[in-house]
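A.B. asks: One structure is given below, represented as structure tokens, and several questions about it will come after.
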Amino acid sequence: MKRQFLSALRVTLFLILVCGIIYPLSVTAVGNLVFPRQAQGSLIHDQGKVIGSSLLGQAFEGGEWFHPRSSHAGEGYDATASAASNLGPTNPDFLALVKDRGDQYRQANNLSDDADIPVDAVTSSASGLDPHISLANAKLQTRRVALARDVSTDTIVRLVKNNTQSPYFNLLGQKTVNVVTLNRDLANLTRKPQ
């Protein structure tokens with residue numbers, strides 16, 4: 001019995017050492033070496049200060065900003081409370097919410113009452129933290145942002161293009177726009193020199 005206990009203890013300690021210390025440290029070291037920005041959380045810096053991560057959405061309000069997808073994570077974009085609404089597509093509350101969001105989106109972007117809008121403009125992501133919107137969604141918001149910032153639409157279109165990401169291997173998914181990095185570029189565009 002004592003011999004079996006010592007063998008089990010040795011195996012346990014070995015596995016703790018390999019799986020709990022050596023492997024995580026190795027993966028972290030390789031990640032920092034090969035993908036340093038991503039391994040550190042894809043942080044976004046502005047004037048030497050961390051303002052967010054390109055992997056986590058943030059709430060932006062006002063006509064001068066591109067608006068992200070809605071979020072059900074806590075009070076909205078709370079990384080400690082990542083969650084979806086869990087309302088099914090036939091749920092009356094969900095249908096009312098989608099209709100209300102559609103009306104608000106059309107009004108905010110000066111669209112006609114029957115204008116088609118992208119699905120991501122009226123639904124939230126499964127995590128509630130997605131920083132991306134569809135390219136179609138960004139294009140519909142371009143005119144509003146240009147007018148609110150008193151800059152040319154071409155300038156805003158160029159910023160959208162610079163923040164557009166292609167699908168993986170140009171196969172899986174569609175082109176998306178990272179709202180967090182796009183709005184950072186908007187802030188830098190209109191920041192007055194000091």
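By order of appearance in the structure tokens: chains A, B, ..., then residues from 1 within every chain, and ligands from 1 in the order shown.
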Please tabulate, as a Markdown table, the residues of segment 43-90 of chain A that come within 12 Å of segment 102-118 of chain A, each with its closest pair of atoms and the distance in Å to one decimal, counting only C-alpha atoms and ordering rows by chain, then residue number upward.

C.D. replies:
```
| residue | atom | partner | partner_atom | distance |
| --- | --- | --- | --- | --- |
| A:Glu61 | CA | A:Ala108 | CA | 10.9 |
| A:Gly62 | CA | A:Ala108 | CA | 9.3 |
| A:Gly63 | CA | A:Ala108 | CA | 7.6 |
| A:Glu64 | CA | A:Ala108 | CA | 11.1 |
| A:Trp65 | CA | A:Ala108 | CA | 11.4 |
| A:Phe66 | CA | A:Asn109 | CA | 10.5 |
| A:His67 | CA | A:Tyr105 | CA | 9.5 |
| A:Pro68 | CA | A:Tyr105 | CA | 11.3 |
| A:Arg69 | CA | A:Pro118 | CA | 10.8 |
| A:Ser70 | CA | A:Tyr105 | CA | 11.2 |
```

A.B. asks: Do you know which residues are at most 8 Å from Ile44 of chain A counting only C-alpha atoms, after dropping those on the same chain fewer than 2 positions away, and could you put them as a ChimeraX atom specification?

C.D. replies: /A:42,46,50-54,181

A.B. asks: Please extract the residues of chain A with a backbone DSSP assignment of alpha helix (DSSP H) and present them as a PDB file with N, CA and C atoms, in the first residue's frame.

C.D. replies:
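New file selection.pdb:
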```
ATOM      1  N   LYS A   2       1.935   1.233   0.824  1.00  0.00           N
ATOM      2  CA  LYS A   2       2.825   2.380   0.908  1.00  0.00           C
ATOM      3  C   LYS A   2       3.515   2.623  -0.436  1.00  0.00           C
ATOM      4  N   ARG A   3       3.922   1.552  -1.118  1.00  0.00           N
ATOM      5  CA  ARG A   3       4.583   1.667  -2.393  1.00  0.00           C
ATOM      6  C   ARG A   3       3.636   2.255  -3.453  1.00  0.00           C
ATOM      7  N   GLN A   4       2.383   1.831  -3.456  1.00  0.00           N
ATOM      8  CA  GLN A   4       1.400   2.357  -4.391  1.00  0.00           C
ATOM      9  C   GLN A   4       1.132   3.843  -4.121  1.00  0.00           C
ATOM     10  N   PHE A   5       1.048   4.182  -2.855  1.00  0.00           N
ATOM     11  CA  PHE A   5       0.827   5.580  -2.492  1.00  0.00           C
ATOM     12  C   PHE A   5       1.995   6.446  -2.970  1.00  0.00           C
ATOM     13  N   LEU A   6       3.230   5.996  -2.771  1.00  0.00           N
ATOM     14  CA  LEU A   6       4.400   6.766  -3.204  1.00  0.00           C
ATOM     15  C   LEU A   6       4.460   6.874  -4.729  1.00  0.00           C
ATOM     16  N   SER A   7       4.091   5.801  -5.426  1.00  0.00           N
ATOM     17  CA  SER A   7       4.057   5.846  -6.901  1.00  0.00           C
ATOM     18  C   SER A   7       3.013   6.847  -7.379  1.00  0.00           C
ATOM     19  N   ALA A   8       1.846   6.828  -6.772  1.00  0.00           N
ATOM     20  CA  ALA A   8       0.779   7.766  -7.140  1.00  0.00           C
ATOM     21  C   ALA A   8       1.199   9.201  -6.845  1.00  0.00           C
ATOM     22  N   LEU A   9       1.859   9.398  -5.717  1.00  0.00           N
ATOM     23  CA  LEU A   9       2.329  10.729  -5.353  1.00  0.00           C
ATOM     24  C   LEU A   9       3.375  11.229  -6.347  1.00  0.00           C
ATOM     25  N   ARG A  10       4.295  10.366  -6.759  1.00  0.00           N
ATOM     26  CA  ARG A  10       5.311  10.757  -7.742  1.00  0.00           C
ATOM     27  C   ARG A  10       4.668  11.116  -9.082  1.00  0.00           C
ATOM     28  N   VAL A  11       3.724  10.303  -9.532  1.00  0.00           N
ATOM     29  CA  VAL A  11       3.037  10.586 -10.804  1.00  0.00           C
ATOM     30  C   VAL A  11       2.283  11.911 -10.707  1.00  0.00           C
ATOM     31  N   THR A  12       1.609  12.133  -9.594  1.00  0.00           N
ATOM     32  CA  THR A  12       0.861  13.377  -9.397  1.00  0.00           C
ATOM     33  C   THR A  12       1.785  14.587  -9.420  1.00  0.00           C
ATOM     34  N   LEU A  13       2.880  14.518  -8.705  1.00  0.00           N
ATOM     35  CA  LEU A  13       3.839  15.625  -8.680  1.00  0.00           C
ATOM     36  C   LEU A  13       4.449  15.856 -10.062  1.00  0.00           C
ATOM     37  N   PHE A  14       4.754  14.759 -10.779  1.00  0.00           N
ATOM     38  CA  PHE A  14       5.292  14.874 -12.131  1.00  0.00           C
ATOM     39  C   PHE A  14       4.286  15.578 -13.054  1.00  0.00           C
ATOM     40  N   LEU A  15       3.020  15.167 -12.988  1.00  0.00           N
ATOM     41  CA  LEU A  15       1.990  15.773 -13.839  1.00  0.00           C
ATOM     42  C   LEU A  15       1.757  17.239 -13.472  1.00  0.00           C
ATOM     43  N   ILE A  16       1.804  17.568 -12.188  1.00  0.00           N
ATOM     44  CA  ILE A  16       1.671  18.967 -11.775  1.00  0.00           C
ATOM     45  C   ILE A  16       2.819  19.786 -12.347  1.00  0.00           C
ATOM     46  N   LEU A  17       4.023  19.241 -12.266  1.00  0.00           N
ATOM     47  CA  LEU A  17       5.198  19.935 -12.783  1.00  0.00           C
ATOM     48  C   LEU A  17       5.085  20.145 -14.297  1.00  0.00           C
ATOM     49  N   TYR A  23       4.529  23.214 -19.122  1.00  0.00           N
ATOM     50  CA  TYR A  23       3.744  23.446 -20.334  1.00  0.00           C
ATOM     51  C   TYR A  23       3.214  24.883 -20.408  1.00  0.00           C
ATOM     52  N   PRO A  24       2.539  25.409 -19.367  1.00  0.00           N
ATOM     53  CA  PRO A  24       2.050  26.805 -19.462  1.00  0.00           C
ATOM     54  C   PRO A  24       3.170  27.823 -19.677  1.00  0.00           C
ATOM     55  N   LEU A  25       4.305  27.642 -18.997  1.00  0.00           N
ATOM     56  CA  LEU A  25       5.416  28.568 -19.188  1.00  0.00           C
ATOM     57  C   LEU A  25       5.989  28.474 -20.602  1.00  0.00           C
ATOM     58  N   SER A  26       6.055  27.270 -21.149  1.00  0.00           N
ATOM     59  CA  SER A  26       6.553  27.083 -22.516  1.00  0.00           C
ATOM     60  C   SER A  26       5.629  27.742 -23.534  1.00  0.00           C
ATOM     61  N   VAL A  27       4.348  27.507 -23.395  1.00  0.00           N
ATOM     62  CA  VAL A  27       3.377  28.094 -24.322  1.00  0.00           C
ATOM     63  C   VAL A  27       3.406  29.619 -24.213  1.00  0.00           C
ATOM     64  N   THR A  28       3.487  30.141 -23.011  1.00  0.00           N
ATOM     65  CA  THR A  28       3.558  31.588 -22.816  1.00  0.00           C
ATOM     66  C   THR A  28       4.826  32.158 -23.443  1.00  0.00           C
ATOM     67  N   ALA A  29       5.952  31.488 -23.252  1.00  0.00           N
ATOM     68  CA  ALA A  29       7.219  31.959 -23.825  1.00  0.00           C
ATOM     69  C   ALA A  29       7.175  31.956 -25.349  1.00  0.00           C
ATOM     70  N   VAL A  30       6.676  30.882 -25.941  1.00  0.00           N
ATOM     71  CA  VAL A  30       6.571  30.803 -27.397  1.00  0.00           C
ATOM     72  C   VAL A  30       5.595  31.861 -27.913  1.00  0.00           C
ATOM     73  N   GLY A  31       4.464  32.018 -27.245  1.00  0.00           N
ATOM     74  CA  GLY A  31       3.487  33.032 -27.640  1.00  0.00           C
ATOM     75  C   GLY A  31       4.069  34.434 -27.611  1.00  0.00           C
ATOM     76  N   ASN A  32       4.788  34.749 -26.551  1.00  0.00           N
ATOM     77  CA  ASN A  32       5.418  36.072 -26.441  1.00  0.00           C
ATOM     78  C   ASN A  32       6.504  36.282 -27.479  1.00  0.00           C
ATOM     79  N   LEU A  33       7.166  35.219 -27.863  1.00  0.00           N
ATOM     80  CA  LEU A  33       8.224  35.310 -28.857  1.00  0.00           C
ATOM     81  C   LEU A  33       7.657  35.445 -30.275  1.00  0.00           C
ATOM     82  N   VAL A  34       6.685  34.616 -30.609  1.00  0.00           N
ATOM     83  CA  VAL A  34       6.148  34.565 -31.967  1.00  0.00           C
ATOM     84  C   VAL A  34       5.041  35.599 -32.198  1.00  0.00           C
ATOM     85  N   PRO A  36       3.920  38.530 -29.975  1.00  0.00           N
ATOM     86  CA  PRO A  36       4.010  39.318 -28.741  1.00  0.00           C
ATOM     87  C   PRO A  36       2.776  40.193 -28.472  1.00  0.00           C
ATOM     88  N   ARG A  37       2.229  40.851 -29.477  1.00  0.00           N
ATOM     89  CA  ARG A  37       1.073  41.735 -29.269  1.00  0.00           C
ATOM     90  C   ARG A  37      -0.153  40.930 -28.857  1.00  0.00           C
ATOM     91  N   GLN A  38      -0.380  39.815 -29.536  1.00  0.00           N
ATOM     92  CA  GLN A  38      -1.540  38.989 -29.229  1.00  0.00           C
ATOM     93  C   GLN A  38      -1.396  38.313 -27.868  1.00  0.00           C
ATOM     94  N   ALA A  39      -0.203  37.883 -27.537  1.00  0.00           N
ATOM     95  CA  ALA A  39       0.022  37.202 -26.262  1.00  0.00           C
ATOM     96  C   ALA A  39      -0.201  38.137 -25.083  1.00  0.00           C
ATOM     97  N   PRO A  92     -41.413  36.376 -28.270  1.00  0.00           N
ATOM     98  CA  PRO A  92     -42.024  37.694 -28.521  1.00  0.00           C
ATOM     99  C   PRO A  92     -41.182  38.855 -27.973  1.00  0.00           C
ATOM    100  N   ASP A  93     -40.519  38.654 -26.840  1.00  0.00           N
ATOM    101  CA  ASP A  93     -39.658  39.709 -26.289  1.00  0.00           C
ATOM    102  C   ASP A  93     -38.480  39.994 -27.228  1.00  0.00           C
ATOM    103  N   PHE A  94     -37.908  38.920 -27.790  1.00  0.00           N
ATOM    104  CA  PHE A  94     -36.797  39.072 -28.720  1.00  0.00           C
ATOM    105  C   PHE A  94     -37.257  39.801 -29.981  1.00  0.00           C
ATOM    106  N   LEU A  95     -38.399  39.417 -30.527  1.00  0.00           N
ATOM    107  CA  LEU A  95     -38.906  40.050 -31.747  1.00  0.00           C
ATOM    108  C   LEU A  95     -39.195  41.534 -31.518  1.00  0.00           C
ATOM    109  N   ALA A  96     -39.743  41.864 -30.352  1.00  0.00           N
ATOM    110  CA  ALA A  96     -40.000  43.273 -30.023  1.00  0.00           C
ATOM    111  C   ALA A  96     -38.691  44.044 -29.881  1.00  0.00           C
ATOM    112  N   LEU A  97     -37.696  43.412 -29.261  1.00  0.00           N
ATOM    113  CA  LEU A  97     -36.392  44.042 -29.085  1.00  0.00           C
ATOM    114  C   LEU A  97     -35.725  44.304 -30.435  1.00  0.00           C
ATOM    115  N   VAL A  98     -35.797  43.331 -31.330  1.00  0.00           N
ATOM    116  CA  VAL A  98     -35.214  43.484 -32.664  1.00  0.00           C
ATOM    117  C   VAL A  98     -35.919  44.601 -33.424  1.00  0.00           C
ATOM    118  N   LYS A  99     -37.233  44.654 -33.337  1.00  0.00           N
ATOM    119  CA  LYS A  99     -37.978  45.711 -34.025  1.00  0.00           C
ATOM    120  C   LYS A  99     -37.601  47.078 -33.472  1.00  0.00           C
ATOM    121  N   ASP A 100     -37.515  47.183 -32.147  1.00  0.00           N
ATOM    122  CA  ASP A 100     -37.146  48.452 -31.513  1.00  0.00           C
ATOM    123  C   ASP A 100     -35.731  48.877 -31.916  1.00  0.00           C
ATOM    124  N   ARG A 101     -34.798  47.938 -31.896  1.00  0.00           N
ATOM    125  CA  ARG A 101     -33.422  48.258 -32.306  1.00  0.00           C
ATOM    126  C   ARG A 101     -33.368  48.674 -33.768  1.00  0.00           C
ATOM    127  N   GLY A 102     -34.155  48.000 -34.613  1.00  0.00           N
ATOM    128  CA  GLY A 102     -34.195  48.358 -36.029  1.00  0.00           C
ATOM    129  C   GLY A 102     -34.711  49.768 -36.236  1.00  0.00           C
ATOM    130  N   ASP A 103     -35.771  50.124 -35.514  1.00  0.00           N
ATOM    131  CA  ASP A 103     -36.317  51.484 -35.608  1.00  0.00           C
ATOM    132  C   ASP A 103     -35.286  52.518 -35.155  1.00  0.00           C
ATOM    133  N   GLN A 104     -34.606  52.233 -34.046  1.00  0.00           N
ATOM    134  CA  GLN A 104     -33.588  53.159 -33.537  1.00  0.00           C
ATOM    135  C   GLN A 104     -32.422  53.291 -34.513  1.00  0.00           C
ATOM    136  N   TYR A 105     -32.002  52.180 -35.091  1.00  0.00           N
ATOM    137  CA  TYR A 105     -30.883  52.192 -36.041  1.00  0.00           C
ATOM    138  C   TYR A 105     -31.241  53.014 -37.272  1.00  0.00           C
ATOM    139  N   ARG A 106     -32.431  52.784 -37.814  1.00  0.00           N
ATOM    140  CA  ARG A 106     -32.853  53.526 -39.003  1.00  0.00           C
ATOM    141  C   ARG A 106     -32.937  55.023 -38.704  1.00  0.00           C
ATOM    142  N   GLN A 107     -33.484  55.365 -37.554  1.00  0.00           N
ATOM    143  CA  GLN A 107     -33.611  56.779 -37.184  1.00  0.00           C
ATOM    144  C   GLN A 107     -32.226  57.413 -36.982  1.00  0.00           C
ATOM    145  N   ALA A 108     -31.341  56.740 -36.269  1.00  0.00           N
ATOM    146  CA  ALA A 108     -30.006  57.283 -35.994  1.00  0.00           C
ATOM    147  C   ALA A 108     -29.206  57.506 -37.272  1.00  0.00           C
ATOM    148  N   LEU A 135     -19.317  44.726 -42.562  1.00  0.00           N
ATOM    149  CA  LEU A 135     -18.928  45.830 -43.440  1.00  0.00           C
ATOM    150  C   LEU A 135     -20.178  46.605 -43.878  1.00  0.00           C
ATOM    151  N   ALA A 136     -21.265  45.904 -44.122  1.00  0.00           N
ATOM    152  CA  ALA A 136     -22.526  46.560 -44.515  1.00  0.00           C
ATOM    153  C   ALA A 136     -23.018  47.487 -43.404  1.00  0.00           C
ATOM    154  N   ASN A 137     -22.910  47.053 -42.154  1.00  0.00           N
ATOM    155  CA  ASN A 137     -23.310  47.866 -41.009  1.00  0.00           C
ATOM    156  C   ASN A 137     -22.450  49.131 -40.944  1.00  0.00           C
ATOM    157  N   ALA A 138     -21.149  48.984 -41.106  1.00  0.00           N
ATOM    158  CA  ALA A 138     -20.240  50.140 -41.069  1.00  0.00           C
ATOM    159  C   ALA A 138     -20.549  51.122 -42.199  1.00  0.00           C
ATOM    160  N   LYS A 139     -20.834  50.600 -43.380  1.00  0.00           N
ATOM    161  CA  LYS A 139     -21.123  51.476 -44.521  1.00  0.00           C
ATOM    162  C   LYS A 139     -22.385  52.304 -44.278  1.00  0.00           C
ATOM    163  N   LEU A 140     -23.387  51.713 -43.632  1.00  0.00           N
ATOM    164  CA  LEU A 140     -24.616  52.452 -43.353  1.00  0.00           C
ATOM    165  C   LEU A 140     -24.402  53.542 -42.303  1.00  0.00           C
ATOM    166  N   GLN A 141     -23.393  53.398 -41.453  1.00  0.00           N
ATOM    167  CA  GLN A 141     -23.124  54.397 -40.421  1.00  0.00           C
ATOM    168  C   GLN A 141     -22.165  55.493 -40.889  1.00  0.00           C
ATOM    169  N   THR A 142     -21.522  55.282 -42.030  1.00  0.00           N
ATOM    170  CA  THR A 142     -20.469  56.184 -42.510  1.00  0.00           C
ATOM    171  C   THR A 142     -20.956  57.615 -42.682  1.00  0.00           C
ATOM    172  N   ARG A 143     -22.089  57.800 -43.329  1.00  0.00           N
ATOM    173  CA  ARG A 143     -22.589  59.153 -43.592  1.00  0.00           C
ATOM    174  C   ARG A 143     -22.891  59.903 -42.301  1.00  0.00           C
ATOM    175  N   ARG A 144     -23.513  59.222 -41.341  1.00  0.00           N
ATOM    176  CA  ARG A 144     -23.842  59.846 -40.048  1.00  0.00           C
ATOM    177  C   ARG A 144     -22.584  60.324 -39.346  1.00  0.00           C
ATOM    178  N   VAL A 145     -21.554  59.468 -39.309  1.00  0.00           N
ATOM    179  CA  VAL A 145     -20.307  59.816 -38.626  1.00  0.00           C
ATOM    180  C   VAL A 145     -19.619  60.982 -39.328  1.00  0.00           C
ATOM    181  N   ALA A 146     -19.596  60.964 -40.667  1.00  0.00           N
ATOM    182  CA  ALA A 146     -18.959  62.053 -41.422  1.00  0.00           C
ATOM    183  C   ALA A 146     -19.650  63.382 -41.142  1.00  0.00           C
ATOM    184  N   LEU A 147     -20.979  63.382 -41.125  1.00  0.00           N
ATOM    185  CA  LEU A 147     -21.723  64.617 -40.853  1.00  0.00           C
ATOM    186  C   LEU A 147     -21.484  65.097 -39.421  1.00  0.00           C
ATOM    187  N   ALA A 148     -21.510  64.191 -38.463  1.00  0.00           N
ATOM    188  CA  ALA A 148     -21.325  64.562 -37.059  1.00  0.00           C
ATOM    189  C   ALA A 148     -19.926  65.110 -36.797  1.00  0.00           C
ATOM    190  N   ARG A 149     -18.933  64.616 -37.534  1.00  0.00           N
ATOM    191  CA  ARG A 149     -17.542  65.056 -37.334  1.00  0.00           C
ATOM    192  C   ARG A 149     -17.131  66.156 -38.308  1.00  0.00           C
ATOM    193  N   THR A 153     -16.939  62.245 -46.373  1.00  0.00           N
ATOM    194  CA  THR A 153     -17.332  60.837 -46.346  1.00  0.00           C
ATOM    195  C   THR A 153     -16.191  59.961 -46.840  1.00  0.00           C
ATOM    196  N   ASP A 154     -15.429  60.451 -47.790  1.00  0.00           N
ATOM    197  CA  ASP A 154     -14.276  59.690 -48.307  1.00  0.00           C
ATOM    198  C   ASP A 154     -13.263  59.397 -47.208  1.00  0.00           C
ATOM    199  N   THR A 155     -13.061  60.353 -46.320  1.00  0.00           N
ATOM    200  CA  THR A 155     -12.128  60.156 -45.206  1.00  0.00           C
ATOM    201  C   THR A 155     -12.620  59.045 -44.288  1.00  0.00           C
ATOM    202  N   ILE A 156     -13.907  59.047 -43.995  1.00  0.00           N
ATOM    203  CA  ILE A 156     -14.486  58.018 -43.122  1.00  0.00           C
ATOM    204  C   ILE A 156     -14.458  56.665 -43.819  1.00  0.00           C
ATOM    205  N   VAL A 157     -14.746  56.637 -45.113  1.00  0.00           N
ATOM    206  CA  VAL A 157     -14.693  55.383 -45.886  1.00  0.00           C
ATOM    207  C   VAL A 157     -13.280  54.804 -45.842  1.00  0.00           C
ATOM    208  N   ARG A 158     -12.269  55.661 -45.948  1.00  0.00           N
ATOM    209  CA  ARG A 158     -10.876  55.208 -45.884  1.00  0.00           C
ATOM    210  C   ARG A 158     -10.568  54.596 -44.518  1.00  0.00           C
ATOM    211  N   LEU A 159     -11.056  55.210 -43.444  1.00  0.00           N
ATOM    212  CA  LEU A 159     -10.839  54.652 -42.104  1.00  0.00           C
ATOM    213  C   LEU A 159     -11.539  53.303 -41.947  1.00  0.00           C
ATOM    214  N   VAL A 160     -12.742  53.192 -42.490  1.00  0.00           N
ATOM    215  CA  VAL A 160     -13.464  51.908 -42.442  1.00  0.00           C
ATOM    216  C   VAL A 160     -12.666  50.850 -43.183  1.00  0.00           C
ATOM    217  N   LYS A 161     -12.166  51.203 -44.354  1.00  0.00           N
ATOM    218  CA  LYS A 161     -11.370  50.254 -45.151  1.00  0.00           C
ATOM    219  C   LYS A 161     -10.114  49.820 -44.393  1.00  0.00           C
ATOM    220  N   ASN A 162      -9.452  50.758 -43.720  1.00  0.00           N
ATOM    221  CA  ASN A 162      -8.235  50.443 -42.956  1.00  0.00           C
ATOM    222  C   ASN A 162      -8.510  49.517 -41.771  1.00  0.00           C
ATOM    223  N   VAL A 179     -14.816  47.880 -34.512  1.00  0.00           N
ATOM    224  CA  VAL A 179     -15.336  49.181 -34.094  1.00  0.00           C
ATOM    225  C   VAL A 179     -14.399  49.872 -33.103  1.00  0.00           C
ATOM    226  N   VAL A 180     -13.743  49.103 -32.253  1.00  0.00           N
ATOM    227  CA  VAL A 180     -12.852  49.700 -31.254  1.00  0.00           C
ATOM    228  C   VAL A 180     -11.670  50.391 -31.929  1.00  0.00           C
ATOM    229  N   THR A 181     -11.011  49.710 -32.860  1.00  0.00           N
ATOM    230  CA  THR A 181      -9.863  50.326 -33.537  1.00  0.00           C
ATOM    231  C   THR A 181     -10.317  51.427 -34.490  1.00  0.00           C
ATOM    232  N   LEU A 182     -11.478  51.265 -35.110  1.00  0.00           N
ATOM    233  CA  LEU A 182     -12.011  52.293 -36.001  1.00  0.00           C
ATOM    234  C   LEU A 182     -12.297  53.573 -35.224  1.00  0.00           C
ATOM    235  N   ASN A 183     -12.931  53.460 -34.075  1.00  0.00           N
ATOM    236  CA  ASN A 183     -13.229  54.650 -33.283  1.00  0.00           C
ATOM    237  C   ASN A 183     -11.966  55.277 -32.697  1.00  0.00           C
ATOM    238  N   ARG A 184     -10.956  54.475 -32.412  1.00  0.00           N
ATOM    239  CA  ARG A 184      -9.670  55.034 -31.973  1.00  0.00           C
ATOM    240  C   ARG A 184      -9.074  55.872 -33.097  1.00  0.00           C
ATOM    241  N   ASP A 185      -9.138  55.360 -34.336  1.00  0.00           N
ATOM    242  CA  ASP A 185      -8.627  56.110 -35.475  1.00  0.00           C
ATOM    243  C   ASP A 185      -9.445  57.383 -35.706  1.00  0.00           C
ATOM    244  N   LEU A 186     -10.751  57.320 -35.463  1.00  0.00           N
ATOM    245  CA  LEU A 186     -11.588  58.518 -35.563  1.00  0.00           C
ATOM    246  C   LEU A 186     -11.161  59.562 -34.543  1.00  0.00           C
ATOM    247  N   ALA A 187     -10.908  59.133 -33.323  1.00  0.00           N
ATOM    248  CA  ALA A 187     -10.470  60.060 -32.274  1.00  0.00           C
ATOM    249  C   ALA A 187      -9.134  60.701 -32.655  1.00  0.00           C
ATOM    250  N   ASN A 188      -8.224  59.910 -33.201  1.00  0.00           N
ATOM    251  CA  ASN A 188      -6.930  60.443 -33.611  1.00  0.00           C
ATOM    252  C   ASN A 188      -7.052  61.379 -34.802  1.00  0.00           C
ATOM    253  N   LEU A 189      -8.024  61.113 -35.674  1.00  0.00           N
ATOM    254  CA  LEU A 189      -8.239  61.935 -36.861  1.00  0.00           C
ATOM    255  C   LEU A 189      -8.658  63.348 -36.488  1.00  0.00           C
ATOM    256  N   THR A 190      -9.517  63.459 -35.502  1.00  0.00           N
ATOM    257  CA  THR A 190     -10.084  64.775 -35.166  1.00  0.00           C
ATOM    258  C   THR A 190      -9.456  65.386 -33.923  1.00  0.00           C
TER     259      THR A 190
END
```
